[in-house]
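S.K.: One file is attached below, input_10.pdb, containing PDB, C-alpha atoms.
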```
ATOM      1  CA  MET A  91      -7.641  22.246  -5.744
ATOM      2  CA  ILE A  92      -5.407  19.300  -4.814
ATOM      3  CA  GLN A  93      -3.667  17.562  -7.714
ATOM      4  CA  VAL A  94      -2.310  14.000  -7.517
ATOM      5  CA  GLU A  95       0.302  12.543  -9.857
ATOM      6  CA  LEU A  96       1.723   9.016  -9.716
ATOM      7  CA  SER A  97       5.178   7.867 -10.793
ATOM      8  CA  ALA A  98       3.571   4.924 -12.645
ATOM      9  CA  ALA A  99       0.079   3.925 -13.697
ATOM     10  CA  ASP A 100       0.920   0.237 -13.266
ATOM     11  CA  VAL A 101       2.920  -1.222 -10.376
ATOM     12  CA  PRO A 102       4.221  -4.727 -11.191
ATOM     13  CA  ILE A 103       5.253  -6.907  -8.252
ATOM     14  CA  GLU A 104       6.302 -10.486  -7.735
ATOM     15  CA  PRO A 105       4.957 -12.211  -4.605
ATOM     16  CA  GLY A 106       7.567 -12.101  -1.868
ATOM     17  CA  GLY A 107       9.075  -8.923  -3.343
ATOM     18  CA  THR A 108       8.514  -5.222  -2.869
ATOM     19  CA  ALA A 109       7.611  -2.306  -5.115
ATOM     20  CA  GLN A 110       7.384   1.432  -4.586
ATOM     21  CA  LEU A 111       5.075   4.134  -5.932
ATOM     22  CA  ALA A 112       5.812   7.857  -5.642
ATOM     23  CA  VAL A 113       2.751  10.082  -5.149
ATOM     24  CA  THR A 114       3.266  13.771  -5.945
ATOM     25  CA  ILE A 115       0.719  16.054  -4.279
ATOM     26  CA  THR A 116       0.392  19.608  -5.565
ATOM     27  CA  ASN A 117      -1.559  22.225  -3.626
ATOM     28  CA  LYS A 118      -3.092  24.584  -6.220
ATOM     29  CA  GLN A 119      -5.015  26.515  -3.574
ATOM     30  CA  ASP A 120      -4.049  29.961  -2.343
ATOM     31  CA  HIS A 121      -3.395  28.759   1.234
ATOM     32  CA  ASP A 122      -1.439  25.984   2.953
ATOM     33  CA  ASP A 123      -3.187  22.685   3.624
ATOM     34  CA  HIS A 124      -2.623  19.474   5.567
ATOM     35  CA  VAL A 125      -3.225  16.657   3.060
ATOM     36  CA  PHE A 126      -4.198  13.101   4.053
ATOM     37  CA  ILE A 127      -3.416  10.265   1.597
ATOM     38  CA  GLU A 128      -5.644   7.202   1.226
ATOM     39  CA  ILE A 129      -5.372   4.029  -0.866
ATOM     40  CA  GLU A 130      -8.671   2.401  -1.811
ATOM     41  CA  GLY A 131      -9.508  -0.808  -3.634
ATOM     42  CA  ILE A 132      -6.752  -3.191  -2.511
ATOM     43  CA  ASP A 133      -6.064  -5.180   0.644
ATOM     44  CA  VAL A 134      -4.607  -3.099   3.493
ATOM     45  CA  GLU A 135      -1.979  -5.795   4.140
ATOM     46  CA  TRP A 136      -0.536  -5.306   0.635
ATOM     47  CA  TYR A 137       0.761  -1.767   1.136
ATOM     48  CA  ALA A 138       2.303   0.558   3.683
ATOM     49  CA  LEU A 139       2.058   4.317   3.739
ATOM     50  CA  PRO A 140       4.898   5.452   6.046
ATOM     51  CA  VAL A 141       3.750   9.099   5.996
ATOM     52  CA  PRO A 142      -0.040   9.197   5.509
ATOM     53  CA  ALA A 143      -0.336  12.991   5.852
ATOM     54  CA  VAL A 144       1.835  15.859   4.605
ATOM     55  CA  ASN A 145       1.779  19.636   4.918
ATOM     56  CA  VAL A 146       1.747  21.252   1.476
ATOM     57  CA  ALA A 147       2.301  24.984   1.105
ATOM     58  CA  ALA A 148       0.199  26.962  -1.371
ATOM     59  CA  GLY A 149       1.449  26.403  -4.912
ATOM     60  CA  GLN A 150       3.977  23.791  -3.769
ATOM     61  CA  SER A 151       4.335  20.006  -4.163
ATOM     62  CA  GLN A 152       5.247  17.198  -1.790
ATOM     63  CA  VAL A 153       6.163  13.596  -2.591
ATOM     64  CA  ALA A 154       4.911  10.659  -0.531
ATOM     65  CA  ARG A 155       5.902   7.025  -1.010
ATOM     66  CA  VAL A 156       3.656   3.967  -1.026
ATOM     67  CA  LEU A 157       5.451   0.674  -0.379
ATOM     68  CA  PHE A 158       3.887  -2.530  -1.697
ATOM     69  CA  ARG A 159       4.726  -5.976  -0.310
ATOM     70  CA  ILE A 160       2.831  -9.066  -1.343
ATOM     71  CA  ALA A 161       3.230 -12.290   0.627
ATOM     72  CA  ARG A 162       4.337 -15.366  -1.286
ATOM     73  CA  SER A 163       1.322 -17.509  -0.453
ATOM     74  CA  SER A 164      -1.602 -19.129  -2.186
ATOM     75  CA  GLN A 165      -3.958 -16.431  -0.830
ATOM     76  CA  CYS A 166      -2.341 -13.822  -3.106
ATOM     77  CA  GLN A 167      -3.543 -14.687  -6.575
ATOM     78  CA  ALA A 168      -1.823 -13.377  -9.663
ATOM     79  CA  GLY A 169      -3.763 -10.729 -11.555
ATOM     80  CA  THR A 170      -4.377  -7.048 -12.041
ATOM     81  CA  TYR A 171      -5.933  -5.134  -9.155
ATOM     82  CA  PRO A 172      -7.115  -1.554  -9.755
ATOM     83  CA  PHE A 173      -6.818   0.921  -6.902
ATOM     84  CA  VAL A 174      -7.316   4.625  -6.273
ATOM     85  CA  VAL A 175      -4.952   7.075  -4.587
ATOM     86  CA  ARG A 176      -6.920   9.891  -2.963
ATOM     87  CA  ALA A 177      -5.377  13.000  -1.398
ATOM     88  CA  ARG A 178      -7.800  15.037   0.711
ATOM     89  CA  GLY A 179      -7.091  18.487   2.140
ATOM     90  CA  MET A 180      -7.992  18.531   5.827
ATOM     91  CA  GLU A 181      -8.562  22.297   5.886
ATOM     92  CA  THR A 182     -10.904  22.674   2.900
ATOM     93  CA  GLY A 183     -12.011  19.138   2.047
ATOM     94  CA  GLU A 184     -10.647  19.483  -1.501
ATOM     95  CA  ALA A 185      -9.577  16.147  -2.954
ATOM     96  CA  GLY A 186      -7.467  14.866  -5.803
ATOM     97  CA  VAL A 187      -7.818  11.350  -7.184
ATOM     98  CA  GLN A 188      -5.639   9.213  -9.423
ATOM     99  CA  GLN A 189      -6.213   5.612 -10.481
ATOM    100  CA  ALA A 190      -3.531   2.944 -10.947
ATOM    101  CA  THR A 191      -3.223  -0.834 -11.048
ATOM    102  CA  LEU A 192      -1.234  -3.317  -9.012
ATOM    103  CA  THR A 193      -0.132  -6.256 -11.161
ATOM    104  CA  ILE A 194       0.770  -9.337  -9.148
ATOM    105  CA  LYS A 195       2.949 -11.619 -11.253
ATOM    106  CA  PRO A 196       2.403 -15.382 -11.155
ATOM    107  CA  TYR A 197       4.906 -17.693  -9.528
ATOM    108  CA  SER A 198       5.240 -21.411  -9.106
ATOM    109  CA  ALA A 199       6.571 -23.116  -6.050
ATOM    110  CA  LEU A 200       5.956 -26.662  -4.944
ATOM    111  CA  GLN A 201       6.705 -27.889  -1.488
ATOM    112  CA  VAL A 202       6.519 -31.525  -0.439
ATOM    113  CA  GLU A 203       6.115 -32.670   3.155
ATOM    114  CA  LEU A 204       6.337 -36.313   4.237
ATOM    115  CA  THR A 205       4.957 -37.491   7.579
ATOM    116  CA  PRO A 206       6.546 -39.329   9.372
ATOM    117  CA  LYS A 207      10.024 -38.397   8.214
ATOM    118  CA  ARG A 208      11.430 -41.906   8.871
ATOM    119  CA  ALA A 209      10.080 -45.414   9.273
ATOM    120  CA  ALA A 210      11.411 -48.937   9.458
ATOM    121  CA  SER A 211       9.977 -52.110   8.027
ATOM    122  CA  SER A 212      10.764 -55.771   8.702
ATOM    123  CA  PHE A 213       9.326 -59.180   7.972
ATOM    124  CA  MET A 214       7.295 -59.161  11.193
ATOM    125  CA  ARG A 215       6.337 -55.493  11.051
ATOM    126  CA  ARG A 216       4.713 -54.018   8.005
ATOM    127  CA  ALA A 217       5.519 -50.638   6.561
ATOM    128  CA  VAL A 218       4.123 -47.576   8.271
ATOM    129  CA  PRO A 219       1.601 -45.568   6.215
ATOM    130  CA  PHE A 220       2.928 -42.199   5.076
ATOM    131  CA  ASP A 221       1.123 -38.932   4.503
ATOM    132  CA  LEU A 222       2.360 -36.853   1.569
ATOM    133  CA  ARG A 223       1.394 -33.195   1.409
ATOM    134  CA  VAL A 224       2.120 -31.147  -1.715
TER     135      VAL A 224
END
```
Re-express the file's structure as structure tokens.
M.R.:
Amino acid sequence: MIQVELSAADVPIEPGGTAQLAVTITNKQDHDDHVFIEIEGIDVEWYALPVPAVNVAAGQSQVARVLFRIARSSQCQAGTYPFVVRARGMETGEAGVQQATLTIKPYSALQVELTPKRAASSFMRRAVPFDLRV
């Protein structure tokens, strides 16, 4: 049996920032196993798993880290996103599962762009039309 424990059930993150989750994998089998870690349910671009597989001796535990980084863009909407951490033994196929949530905090940021940046106007020449992008 492979057991999975998480350092937190909820991972709060602000867009543009980073967060970390520690995954403790315990091998409760009577032989060593090579364990592969998977994250399911959230966008692959939102997390990094530097070490996706670990060797766990019988009766021992190993800790793996999951790094979360959310881009500060309008595509990343604030909200709560459930995901599953699955650890599967490559030797026996045994698996351990633990559920958690990724909470993306809201942010506000306005950016104004004016095109063209400069213009001149005179009596003979009218003002140039501007485009304003918010």
S.K.: Find, counting only C-alpha atoms, the residue in A:Val101, A:Ala148, A:Leu204, A:Ala154 that gets nearest to Phe220 in chain A.
M.R.: A:Leu204
S.K.: Would you work out the distance separating CA of Glu104 in chain A from CA of Trp136 in chain A, expressed in Å to one decimal?
M.R.: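 Those two atoms sit 12.0 Å apart.
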S.K.: Compare A:Gly106, A:Gly131, A:Gly149, A:Pro140 by their minimum atom-to-atom distance to Arg176 in chain A, counting all atoms listed in the file, and give me the closest one.
M.R.: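 The answer is A:Gly131, which sits nearest to Arg176 in chain A.
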S.K.: Determine the nearest neighbour of Ala99 in chain A from the options A:Pro172, A:Pro219, A:Gly179, A:Pro142, counting only C-alpha atoms.
M.R.: A:Pro172
S.K.: List the neighbours of range 112-126 of chain A out to 10 Å using all atoms listed in the file; skip same-chain residues closer than 5 positions along the sequence, and give me the result as a PyMOL selection string.
M.R.: chain A and resi 91-98+141-157+175-186+188
S.K.: What does the distance between CA of Cys166 in chain A and CA of Pro105 in chain A come to in Å, to one decimal place?
M.R.: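 Calculated distance between CA of Cys166 in chain A and CA of Pro105 in chain A is 7.6 Å.
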S.K.: Please check which residues have atoms at most 6 Å from (-5.9, 3.8, -5.6) in the file's coordinates, counting all atoms listed in the file, and write them as a ChimeraX atom specification.
M.R.: /A:129-130,173-175,189-190
S.K.: Please indicate the distance in Å from CA of Arg159 in chain A to CA of Gln110 in chain A, rounded to one decimal place.
M.R.: 9.0 Å
S.K.: Find the residues near Thr205 in chain A: any atom within 12 Å, counting only C-alpha atoms, skip ones fewer than 5 places away on the same chain, and give them as a list in words.
M.R.: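 Listed by chain and then number, they are Val218, Pro219, Phe220, Asp221, Leu222, Arg223 and Val224 of chain A.
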S.K.: Let me make sure I understand: among A:Lys195, A:Ala217, A:Phe158, A:Val187, which one has the smallest atom-to-atom distance to Ile127 in chain A if we use all atoms listed in the file?
M.R.: A:Val187
